[in-house]
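Asker: Could you have a look at this structure, given as structure tokens, before my questions?
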Amino acid sequence: MAERLRKLLKGTVFINAGINSGCPFCRGLNADIPKVGDIVRGLSDFMSGLIGEVVTNNGSLRPGEFLVKFLEDPKDHQYAISIDYNLFEPSPFTNVPDWAPHISLRKVEELHWYLMNLYLDSFVDGKWKYRNHASLPLIAFILKNRLPIEATELWDILEAHGFPSKWKRPLHKLYKDSKELLKIYHFMDTGRNYRSKKRILPFSMESYRYRA
């Protein structure tokens, strides 16, 4: 899946806009195999947020793979990274952009997958096509995970990735209507008011590597 999306998205309006607006995931999708000695930051799976040095990119590795020694690990701990199946950002790393949501880097990675699929569903034959049902999986992901992202903030994320300004009004309405409906059903089901999770520093590190 990652390999297919990388090939479909590389060099597109979505990726170019994301890179220009400081999206590390768009930079990762556009990245080439790094050289030995390069510093990279992991953006997916267990390595989300971890920074390491490329120690080799040849030998017994498969095509498209390279070894990384993460800075916090013992000297003999190295991990094989695949350019087709893992996301990483080459240094120098981007600063946290103004549009970044107040959620962890790991959650932004998941959010970014929904953004990519929305783009692929909406930009066809060089033209944008807005459809409510195409935006619903992204909105459902945000609401289901109780992410602290409001309609205006969601639009900021989409705008940073090149989505057209004419989407702003219908997207706002769809988001607000969806959230109001969720609040009603959540209260009917649980007897409690729906609440979003607390905001945290944007792109905070959340590594799963050492969890059981």
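In the structure tokens, chains take letters A, B, ... by order of appearance, with residues numbered from 1 within each chain and ligands from 1 in the order shown.
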Might you pull out every residue within 12 Å of Asn95 (chain A), with only C-alpha atoms counted and same-chain residues fewer than 4 positions away left off, and present them as JSON, numbers by chain?
Answerer: {"A": [19, 20, 21, 22, 23, 24, 89, 91, 99, 100, 202, 203]}
Asker: Could you write out that same residue set with C-alpha atoms as an mmCIF file, in the first residue's frame?
Answerer:
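Generated file (again.cif):
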```cif
data_model
loop_
_atom_site.group_PDB
_atom_site.id
_atom_site.type_symbol
_atom_site.label_atom_id
_atom_site.label_comp_id
_atom_site.auth_asym_id
_atom_site.auth_seq_id
_atom_site.Cartn_x
_atom_site.Cartn_y
_atom_site.Cartn_z
ATOM 1 C CA ILE A 19 6.437 20.092 0.977
ATOM 2 C CA ASN A 20 6.139 23.856 0.484
ATOM 3 C CA SER A 21 3.984 24.172 3.609
ATOM 4 C CA GLY A 22 6.364 22.149 5.803
ATOM 5 C CA CYS A 23 4.717 18.709 5.895
ATOM 6 C CA PRO A 24 7.351 16.112 6.914
ATOM 7 C CA GLU A 89 12.292 12.519 6.658
ATOM 8 C CA SER A 91 17.596 16.226 7.439
ATOM 9 C CA TRP A 99 -1.211 24.397 10.471
ATOM 10 C CA ALA A 100 0.028 21.323 12.377
ATOM 11 C CA PRO A 202 2.005 19.356 17.616
ATOM 12 C CA PHE A 203 4.059 16.458 16.214
#
```
Asker: At a cut-off of 10 Å, using only C-alpha atoms, what residues contact Leu5 (chain A)? Leave out same-chain residues fewer than 3 positions from it and give the result as a PDB file with N, CA and C atoms, in the first residue's frame.
Answerer:
```
ATOM      1  N   MET A   1       0.827  -1.201   0.000  1.00  0.00           N
ATOM      2  CA  MET A   1       0.000   0.000   0.000  1.00  0.00           C
ATOM      3  C   MET A   1       0.865   1.255   0.000  1.00  0.00           C
ATOM      4  N   ALA A   2       1.879   1.301   0.875  1.00  0.00           N
ATOM      5  CA  ALA A   2       2.747   2.475   0.941  1.00  0.00           C
ATOM      6  C   ALA A   2       3.485   2.685  -0.373  1.00  0.00           C
ATOM      7  N   LEU A   8       1.975   6.842  -6.816  1.00  0.00           N
ATOM      8  CA  LEU A   8       0.858   7.624  -7.304  1.00  0.00           C
ATOM      9  C   LEU A   8       0.967   9.103  -6.955  1.00  0.00           C
ATOM     10  N   LEU A   9       1.582   9.396  -5.813  1.00  0.00           N
ATOM     11  CA  LEU A   9       1.572  10.758  -5.290  1.00  0.00           C
ATOM     12  C   LEU A   9       2.830  11.569  -5.581  1.00  0.00           C
ATOM     13  N   LYS A  10       3.935  10.915  -5.854  1.00  0.00           N
ATOM     14  CA  LYS A  10       5.195  11.635  -6.021  1.00  0.00           C
ATOM     15  C   LYS A  10       5.084  12.651  -7.150  1.00  0.00           C
ATOM     16  N   LEU A  29       7.492  11.096   1.527  1.00  0.00           N
ATOM     17  CA  LEU A  29       6.998  10.412   0.338  1.00  0.00           C
ATOM     18  C   LEU A  29       7.803  10.769  -0.901  1.00  0.00           C
ATOM     19  N   ASP A  84      10.183   1.895   0.291  1.00  0.00           N
ATOM     20  CA  ASP A  84       8.856   1.625  -0.258  1.00  0.00           C
ATOM     21  C   ASP A  84       7.799   1.375   0.807  1.00  0.00           C
ATOM     22  N   TRP A 113      -2.619   9.495   5.902  1.00  0.00           N
ATOM     23  CA  TRP A 113      -3.117   8.469   4.982  1.00  0.00           C
ATOM     24  C   TRP A 113      -4.507   8.820   4.478  1.00  0.00           C
ATOM     25  N   MET A 116      -4.219  11.587   1.915  1.00  0.00           N
ATOM     26  CA  MET A 116      -3.743  11.096   0.628  1.00  0.00           C
ATOM     27  C   MET A 116      -4.864  10.426  -0.160  1.00  0.00           C
ATOM     28  N   ASN A 117      -5.648   9.604   0.532  1.00  0.00           N
ATOM     29  CA  ASN A 117      -6.740   8.922  -0.149  1.00  0.00           C
ATOM     30  C   ASN A 117      -7.824   9.902  -0.585  1.00  0.00           C
ATOM     31  N   LEU A 120      -6.558  11.432  -3.803  1.00  0.00           N
ATOM     32  CA  LEU A 120      -6.663  10.509  -4.935  1.00  0.00           C
ATOM     33  C   LEU A 120      -8.111  10.331  -5.389  1.00  0.00           C
TER      34      LEU A 120
END
```
Asker: For Glu109 (chain A), find every residue with an atom within 8 Å (counting only C-alpha atoms), except residues of its own chain fewer than 2 positions away, and show them as a compact mmCIF listing (two decimals) with N, CA and C atoms, in the first residue's frame.
Answerer:
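Written out: selection.txt:
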```txt
# COMPACT_ATOMS: atom_id res chain seq x y z
N PHE A 25 5.68 14.49 6.20
CA PHE A 25 5.23 13.26 5.55
C PHE A 25 5.27 13.39 4.03
N LEU A 43 9.15 8.36 10.53
CA LEU A 43 7.81 8.95 10.53
C LEU A 43 6.70 7.89 10.59
N SER A 44 7.06 6.63 10.69
CA SER A 44 6.04 5.59 10.68
C SER A 44 6.40 4.45 11.62
N LEU A 105 2.87 12.87 16.53
CA LEU A 105 3.38 12.58 15.20
C LEU A 105 2.80 11.27 14.68
N ARG A 106 2.61 10.30 15.56
CA ARG A 106 2.05 9.00 15.17
C ARG A 106 0.63 9.15 14.65
N LYS A 107 -0.16 9.99 15.31
CA LYS A 107 -1.53 10.21 14.86
C LYS A 107 -1.58 11.03 13.58
N LEU A 111 -3.51 10.27 10.11
CA LEU A 111 -4.32 11.30 9.48
C LEU A 111 -3.88 11.55 8.05
N HIS A 112 -2.57 11.51 7.82
CA HIS A 112 -2.02 11.79 6.50
C HIS A 112 -2.46 10.75 5.47
N TRP A 113 -2.62 9.49 5.90
CA TRP A 113 -3.12 8.47 4.98
C TRP A 113 -4.51 8.82 4.48
```
Asker: Could you list, as a list in words, every residue within 10 Å of Leu136 (chain A), counting only C-alpha atoms and ignoring same-chain residues fewer than 6 positions away?
Answerer: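 Those residues are Tyr114, Leu118, Ile142, Leu171, Leu174, Tyr175 and Ser178 of chain A.
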Asker: So that I have them on file, write out the residues from the current selection with N, CA and C atoms, as a PDB file, in the first residue's frame.
Answerer:
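Output saved as result06.pdb:
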```
ATOM      1  N   TYR A 114      -5.361   9.314   5.364  1.00  0.00           N
ATOM      2  CA  TYR A 114      -6.707   9.714   4.949  1.00  0.00           C
ATOM      3  C   TYR A 114      -6.656  10.920   4.019  1.00  0.00           C
ATOM      4  N   LEU A 118      -8.065  10.947   0.212  1.00  0.00           N
ATOM      5  CA  LEU A 118      -9.025  11.973  -0.189  1.00  0.00           C
ATOM      6  C   LEU A 118      -8.544  12.678  -1.450  1.00  0.00           C
ATOM      7  N   ILE A 142     -11.166  11.423  12.509  1.00  0.00           N
ATOM      8  CA  ILE A 142     -10.924  12.469  13.509  1.00  0.00           C
ATOM      9  C   ILE A 142     -11.900  12.337  14.675  1.00  0.00           C
ATOM     10  N   LEU A 171     -16.944  21.879   3.287  1.00  0.00           N
ATOM     11  CA  LEU A 171     -16.248  21.017   4.241  1.00  0.00           C
ATOM     12  C   LEU A 171     -16.577  21.417   5.672  1.00  0.00           C
ATOM     13  N   LEU A 174     -20.061  20.098   6.437  1.00  0.00           N
ATOM     14  CA  LEU A 174     -20.066  18.648   6.596  1.00  0.00           C
ATOM     15  C   LEU A 174     -19.460  18.242   7.928  1.00  0.00           C
ATOM     16  N   TYR A 175     -18.368  18.882   8.294  1.00  0.00           N
ATOM     17  CA  TYR A 175     -17.693  18.549   9.551  1.00  0.00           C
ATOM     18  C   TYR A 175     -18.589  18.874  10.747  1.00  0.00           C
ATOM     19  N   SER A 178     -21.589  16.558  10.972  1.00  0.00           N
ATOM     20  CA  SER A 178     -21.168  15.220  11.405  1.00  0.00           C
ATOM     21  C   SER A 178     -20.893  15.203  12.901  1.00  0.00           C
TER      22      SER A 178
END
```
Asker: Nearest to Asp32 (chain A): which of A:Glu65, A:Asp177, A:Glu153, A:Asp45 is it, counting only C-alpha atoms?
Answerer: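 Of A:Glu65, A:Asp177, A:Glu153, A:Asp45, the one nearest Asp32 (chain A), counting only C-alpha atoms, is A:Glu65.
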Asker: Taking only C-alpha atoms into account, name the residue in A:Thr56, A:Val40, A:Tyr85, A:Asp98 that is nearest to Asp156 (chain A).
Answerer: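 For Asp156 (chain A), the nearest of the given residues is A:Asp98.
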Asker: Quick one: pick out all helix (DSSP H, G or I) residues within region 3-146 of chain A from a backbone DSSP run and write them as a CSV table (one decimal) with C-alpha atoms, in the first residue's frame.
Answerer:
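out_26.csv, freshly written:
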```csv
chain,number,residue,atom,x,y,z
A,3,GLU,CA,4.7,1.7,-2.2
A,4,ARG,CA,1.6,2.2,-4.4
A,5,LEU,CA,0.7,5.5,-2.8
A,6,ARG,CA,4.3,6.7,-3.1
A,7,LYS,CA,4.3,6.1,-6.8
A,8,LEU,CA,0.9,7.6,-7.3
A,9,LEU,CA,1.6,10.8,-5.3
A,13,VAL,CA,-0.1,18.9,-6.5
A,14,PHE,CA,-0.7,17.3,-3.1
A,15,ILE,CA,2.9,16.5,-2.4
A,16,ASN,CA,4.4,19.7,-3.8
A,17,ALA,CA,2.0,21.8,-1.7
A,18,GLY,CA,2.7,19.7,1.4
A,19,ILE,CA,6.4,20.1,1.0
A,20,ASN,CA,6.1,23.9,0.5
A,24,PRO,CA,7.4,16.1,6.9
A,25,PHE,CA,5.2,13.3,5.6
A,26,CYS,CA,5.1,14.8,2.1
A,27,ARG,CA,8.8,15.2,2.3
A,28,GLY,CA,9.1,11.6,3.2
A,29,LEU,CA,7.0,10.4,0.3
A,45,ASP,CA,5.5,2.5,12.8
A,46,PHE,CA,7.8,2.0,15.8
A,47,MET,CA,10.3,4.6,14.6
A,105,LEU,CA,3.4,12.6,15.2
A,106,ARG,CA,2.1,9.0,15.2
A,107,LYS,CA,-1.5,10.2,14.9
A,108,VAL,CA,-0.6,12.7,12.2
A,109,GLU,CA,0.8,9.8,10.2
A,110,GLU,CA,-2.5,8.1,10.3
A,111,LEU,CA,-4.3,11.3,9.5
A,112,HIS,CA,-2.0,11.8,6.5
A,113,TRP,CA,-3.1,8.5,5.0
A,114,TYR,CA,-6.7,9.7,4.9
A,115,LEU,CA,-5.6,13.0,3.4
A,116,MET,CA,-3.7,11.1,0.6
A,117,ASN,CA,-6.7,8.9,-0.1
A,118,LEU,CA,-9.0,12.0,-0.2
A,119,TYR,CA,-6.7,13.6,-2.7
A,120,LEU,CA,-6.7,10.5,-4.9
A,121,ASP,CA,-10.5,10.3,-4.8
A,122,SER,CA,-10.9,14.0,-5.6
A,132,ASN,CA,-19.2,14.7,0.6
A,133,HIS,CA,-18.8,11.0,0.8
A,134,ALA,CA,-15.1,11.2,-0.2
A,135,SER,CA,-14.5,13.5,2.8
A,136,LEU,CA,-16.4,11.4,5.4
A,137,PRO,CA,-13.6,8.8,6.1
A,138,LEU,CA,-11.2,11.6,7.1
A,139,ILE,CA,-13.8,13.3,9.3
A,140,ALA,CA,-14.9,9.9,10.8
A,141,PHE,CA,-11.3,9.2,11.7
A,142,ILE,CA,-10.9,12.5,13.5
A,143,LEU,CA,-14.2,12.1,15.4
A,144,LYS,CA,-13.8,8.4,16.2
```
Asker: Using Å and a single decimal, report how far CA of Arg199 (chain A) sits from CA of Pro90 (chain A).
Answerer: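 Distance reported for this atom pair: 27.3 Å.
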Asker: Considering only C-alpha atoms, can you say which of A:Asp76, A:Thr94, A:Glu150, A:Ser104 comes closest to Ser48 (chain A)?
Answerer: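 Once distances to Ser48 (chain A) are computed over only C-alpha atoms, the minimum belongs to A:Ser104.
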Asker: Counting only C-alpha atoms, which of A:Ser204, A:Lys129, A:Leu61, A:Val54 gets nearest to Gln78 (chain A)?
Answerer: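 So, comparing all the options, the nearest one is A:Val54.
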Asker: Separation of CA of Lys197 (chain A) and CA of Arg146 (chain A), in Å?
Answerer: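 Straight-line distance from CA of Lys197 (chain A) to CA of Arg146 (chain A) works out to 5.6 Å.
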